[in-house]
Amino acid sequence: MNNRLYGHLVFELSVPGRKGYSLPKNHFGTYEIPQELCRQEDAALPECDELTVVRHYTNLSNNNFGVDTGFYPLGSCTMKYNPKINEEMAALPQFQNLHPQQPASTVKGALALMSLLEQSLCELTGLAHFTFKPYAGAHGELTGLMTIDNYHRSRGDVQRKKVIVPDSAHGTNPASAAVCGLEIVEVKSQSDGTVDLDDLQRICSQCGDAIAAMMMTNPNTLGLFETHIPEIAKLIHDCGGLMYYDGANLNPMLGVCRPGDMGFDVMHINLHKTFSTPHGGGGPGAGPVGVREGLQQFFPEVSPYHGNFGVMMRAYAYILSLGREHVKEVGPLATLNANYIKERLKDVYELPIDTTCCHEFVFDGLKDKSTGVTTMDVAKRLLDYGYHAPTIYFPLLFHESLMIEPTENESRETLDGFIAVMRQIAEEAKTNPELVKSAPHNTPIGRVDDVLAAKHPITTYKQMVNDNN
Ligand SMILES: *Cc1c(COP(=O)(O)O)cnc(C)c1O
């Protein structure tokens, strides 16, 4: 990596007059572009030969971390392996080159695929209809809440504006409710991490006919299965509210149990998490929303076409390649992997809620607090060992949250390797805390000042700024 190309911008590699292309001979003659349409100065583009460009971008791509390069236990995000057959299917030219404004008669295959995917999702969730329009999980939440709002309005129940959200909820839940113009009421968690039924009862008797919905995710953000859903659903339904299921965390439930059977009325699914599409960094997603029979006429228009079709293709390929019998293995394996890591580390990392978890769990930093080594330090040090850091400082229920989700695909050897490194870091925290506190040491860029980076982001390259001004 120690060469002229490494760590530079392509602009710095530019040499005046260098070219990486040659144009074919002009057989068409010339046409003068009107002067007022021409640039006054040449664009500040880098001038490089082909090999320099190839090396530059290949080296950059080698700095990238992904599920295909290493273990990525990012809690709540379900960074699971994306089988390559999905990519092959999504790349079929017959599907890839469709245009959303083609006549329906020419896209019957694509429509059939969406219909088959809808049937599969209905079977997996116990709901009756899905819309594929939303582009992401949070977009699905908004779509689902708008559906609920439309339903209440259609009944003249315009005062139903309160949405109950557990204090452990994913941040997008209250955010979506707010964007939808609804009011958030927070329900407390009990010390075991599940929803406090007494607090919910109090809210229901206080708010009654102002309740539009309750949003829940199950397993919840702590990776715990909420066992009181039927009671909770009854409380909310008796008030006239609807139950919303945040299905971004459907991974441990696949083929094992169904939100529709638990009493949920509306839900979204993150196809890009549970149904294996590469995600992160803002890549394409799909947050289809499912509803109970009778609610489908309240779906709002949230996008002009049918959502991200490539993600649907990957999801359908994934579902077909597992089939009914193997889809049932996803949840138990994800659960086994998470519990295996948890049990092997809980003597050195603080486990605030010590029960069997589902697909993920949360540590509250290192057990030995005397070293001064924080969750942030542990996360940075993990990078030195070639692992992506877990989700940190979320959920907000603990000060030093470290949220680990290994997913079902990882081998025993990978899990053992990760466990050994986590234990090594706990040991380093005692014997050489400075080493951990100043990590990472082996990455192309060392420790960044997170606050400065967020408050004063530098999004353009200085030279370009100077050139353009
Ligand atoms: C990821 C996630 C979301 C949001 O999904 P996006 O596709 O990132 O918008 C919502 N809820 C939970 C529980 C999640 O894990």
# chains A, B, ... in the order shown; residues from 1 in each chain; ligands from 1
>>> residues_around(residues="A:Leu271", least_positions_apart="2", cutoff="7 Å", atoms="only C-alpha atoms", output="JSON, numbers by chain")
{"A": [269, 273, 274, 275, 276, 285, 286, 287, 311, 315]}
>>> residues_near_ligand(ligand="ligand 1", cutoff="7 Å", atoms="only C-alpha atoms and all ligand atoms", output="MDAnalysis selection string")
chainID A and resid 76:77 136:139 170 172:173 217 221 246:249 270 285 287
>>> residues_around(residues="A:Leu345", least_positions_apart="2", cutoff="12 Å", atoms="only C-alpha atoms", output="PDB file with C-alpha atoms, in the first residue's frame")
ATOM      1  CA  ALA A 338     -26.224 -14.062  19.313  1.00  0.00           C
ATOM      2  CA  ASN A 339     -26.614 -16.057  22.522  1.00  0.00           C
ATOM      3  CA  TYR A 340     -23.306 -17.848  21.926  1.00  0.00           C
ATOM      4  CA  ILE A 341     -21.399 -14.537  21.759  1.00  0.00           C
ATOM      5  CA  LYS A 342     -23.316 -13.091  24.696  1.00  0.00           C
ATOM      6  CA  GLU A 343     -22.592 -16.044  26.982  1.00  0.00           C
ATOM      7  CA  ASP A 347     -17.969 -12.162  32.279  1.00  0.00           C
ATOM      8  CA  VAL A 348     -15.915  -9.272  30.835  1.00  0.00           C
ATOM      9  CA  TYR A 349     -18.635  -7.040  29.316  1.00  0.00           C
ATOM     10  CA  GLU A 350     -21.534  -5.672  31.362  1.00  0.00           C
ATOM     11  CA  LEU A 351     -24.794  -7.434  30.446  1.00  0.00           C
ATOM     12  CA  ASP A 354     -29.154 -11.211  31.482  1.00  0.00           C
ATOM     13  CA  PHE A 361     -28.274  -8.172  22.474  1.00  0.00           C
ATOM     14  CA  VAL A 362     -26.811  -5.135  24.209  1.00  0.00           C
ATOM     15  CA  PHE A 363     -23.785  -4.825  26.496  1.00  0.00           C
ATOM     16  CA  ASP A 364     -23.340  -1.737  28.659  1.00  0.00           C
ATOM     17  CA  GLY A 365     -19.602  -1.314  28.076  1.00  0.00           C
ATOM     18  CA  LEU A 366     -16.792  -3.186  29.772  1.00  0.00           C
ATOM     19  CA  LYS A 367     -17.517  -4.783  33.095  1.00  0.00           C
ATOM     20  CA  ILE A 404     -24.192  -6.955  18.708  1.00  0.00           C
ATOM     21  CA  LEU A 415     -17.741 -16.166  16.112  1.00  0.00           C
ATOM     22  CA  ASP A 416     -14.848 -17.661  18.108  1.00  0.00           C
ATOM     23  CA  PHE A 418     -14.570 -12.284  17.309  1.00  0.00           C
ATOM     24  CA  ILE A 419     -15.004 -13.483  20.895  1.00  0.00           C
ATOM     25  CA  ALA A 420     -11.237 -13.902  21.276  1.00  0.00           C
ATOM     26  CA  VAL A 421     -10.628 -10.350  20.042  1.00  0.00           C
ATOM     27  CA  MET A 422     -13.316  -8.862  22.289  1.00  0.00           C
ATOM     28  CA  ARG A 423     -11.660 -10.628  25.237  1.00  0.00           C
ATOM     29  CA  GLN A 424      -8.247  -9.439  24.107  1.00  0.00           C
ATOM     30  CA  ILE A 425      -9.515  -5.839  24.054  1.00  0.00           C
ATOM     31  CA  ALA A 426     -10.960  -6.245  27.560  1.00  0.00           C
TER      32      ALA A 426
END
>>> atom_distance(atom1="atom CA of A:Glu186", atom2="atom CA of A:Gln296")
27.8 Å
>>> closest_residue(among="A:Gly282, A:Pro103, A:Gly223, A:Pro73", to="A:Ala379", atoms="only C-alpha atoms")
A:Pro73
>>> closest_residue(among="A:Gly70, A:Pro252, A:Gly29, A:Pro46", to="A:Thr414", atoms="only C-alpha atoms")
A:Gly70
>>> select_by_dssp(residues="stretch 79-230 of chain A", states="helix (DSSP H, G or I)", output="MDAnalysis selection string")
chainID A and resid 84:90 93:96 104:106 108:125 137:154 172:179 197:210 229:230
>>> write_last_selection(atoms="C-alpha atoms", output="short mmCIF file (atom, residue, chain, number, x, y, z; two decimals), in the first residue's frame")
data_model
loop_
_atom_site.label_atom_id
_atom_site.label_comp_id
_atom_site.auth_asym_id
_atom_site.auth_seq_id
_atom_site.Cartn_x
_atom_site.Cartn_y
_atom_site.Cartn_z
CA LYS A 84 -24.66 -13.98 -5.01
CA ILE A 85 -27.54 -15.73 -6.72
CA ASN A 86 -29.68 -12.71 -5.74
CA GLU A 87 -27.35 -10.45 -7.70
CA GLU A 88 -27.47 -12.73 -10.73
CA MET A 89 -31.24 -12.67 -10.72
CA ALA A 90 -31.46 -8.91 -10.22
CA PRO A 93 -31.33 -7.97 -18.55
CA GLN A 94 -35.02 -8.73 -19.09
CA PHE A 95 -35.71 -7.23 -15.67
CA GLN A 96 -32.87 -4.77 -15.37
CA ALA A 104 -48.22 -2.75 -18.41
CA SER A 105 -48.65 -5.38 -21.14
CA THR A 106 -44.86 -5.39 -21.68
CA LYS A 108 -46.09 -8.70 -17.03
CA GLY A 109 -43.14 -10.68 -15.72
CA ALA A 110 -42.17 -7.90 -13.34
CA LEU A 111 -45.76 -7.50 -12.16
CA ALA A 112 -46.03 -11.26 -11.65
CA LEU A 113 -42.85 -11.21 -9.57
CA MET A 114 -44.26 -8.45 -7.36
CA SER A 115 -47.47 -10.38 -6.93
CA LEU A 116 -45.60 -13.58 -5.99
CA LEU A 117 -43.39 -11.67 -3.57
CA GLU A 118 -46.51 -10.14 -2.02
CA GLN A 119 -47.98 -13.61 -1.55
CA SER A 120 -44.77 -14.79 0.13
CA LEU A 121 -44.69 -11.79 2.46
CA CYS A 122 -48.36 -12.31 3.35
CA GLU A 123 -47.64 -15.94 4.17
CA LEU A 124 -44.61 -14.99 6.29
CA THR A 125 -46.34 -12.17 8.19
CA GLY A 137 -37.81 1.19 6.48
CA ALA A 138 -38.44 4.70 7.75
CA HIS A 139 -40.42 5.47 4.59
CA GLY A 140 -42.48 2.34 5.30
CA GLU A 141 -43.17 3.55 8.85
CA LEU A 142 -44.42 6.85 7.47
CA THR A 143 -46.56 5.02 4.87
CA GLY A 144 -47.99 2.72 7.56
CA LEU A 145 -48.81 5.61 9.89
CA MET A 146 -50.43 7.55 7.02
CA THR A 147 -52.51 4.44 6.31
CA ILE A 148 -53.61 4.37 9.94
CA ASP A 149 -54.34 8.10 9.92
CA ASN A 150 -56.41 7.72 6.72
CA TYR A 151 -58.34 4.87 8.34
CA HIS A 152 -59.23 6.92 11.43
CA ARG A 153 -60.21 9.94 9.35
CA SER A 154 -62.47 7.79 7.15
CA THR A 172 -37.12 6.29 13.29
CA ASN A 173 -40.39 5.37 15.10
CA PRO A 174 -40.97 8.68 16.90
CA ALA A 175 -39.46 10.51 13.92
CA SER A 176 -41.94 8.94 11.47
CA ALA A 177 -44.85 9.69 13.81
CA ALA A 178 -43.75 13.32 14.00
CA VAL A 179 -43.37 13.60 10.21
CA LEU A 197 -47.96 -2.94 31.04
CA ASP A 198 -48.98 -0.79 34.02
CA ASP A 199 -47.60 2.30 32.34
CA LEU A 200 -49.40 1.34 29.10
CA GLN A 201 -52.65 0.83 31.00
CA ARG A 202 -52.27 4.30 32.53
CA ILE A 203 -51.68 5.85 29.09
CA CYS A 204 -54.67 4.02 27.63
CA SER A 205 -57.02 5.22 30.34
CA GLN A 206 -55.71 8.78 30.05
CA CYS A 207 -55.64 9.06 26.25
CA GLY A 208 -58.44 6.64 25.24
CA ASP A 209 -60.04 7.87 22.05
CA ALA A 210 -57.04 10.07 21.16
CA ILE A 229 -48.26 -8.72 22.76
CA PRO A 230 -51.78 -10.23 22.97
#
>>> residues_around(residues="A:Glu293", least_positions_apart="2", cutoff="9 Å", atoms="only C-alpha atoms", output="PyMOL selection string")
chain A and resi 127-129+265+291+295-296
>>> residues_around(residues="A:Asn409", least_positions_apart="4", cutoff="10 Å", atoms="only C-alpha atoms", output="PyMOL selection string")
chain A and resi 80-82+330+333-334+337+414
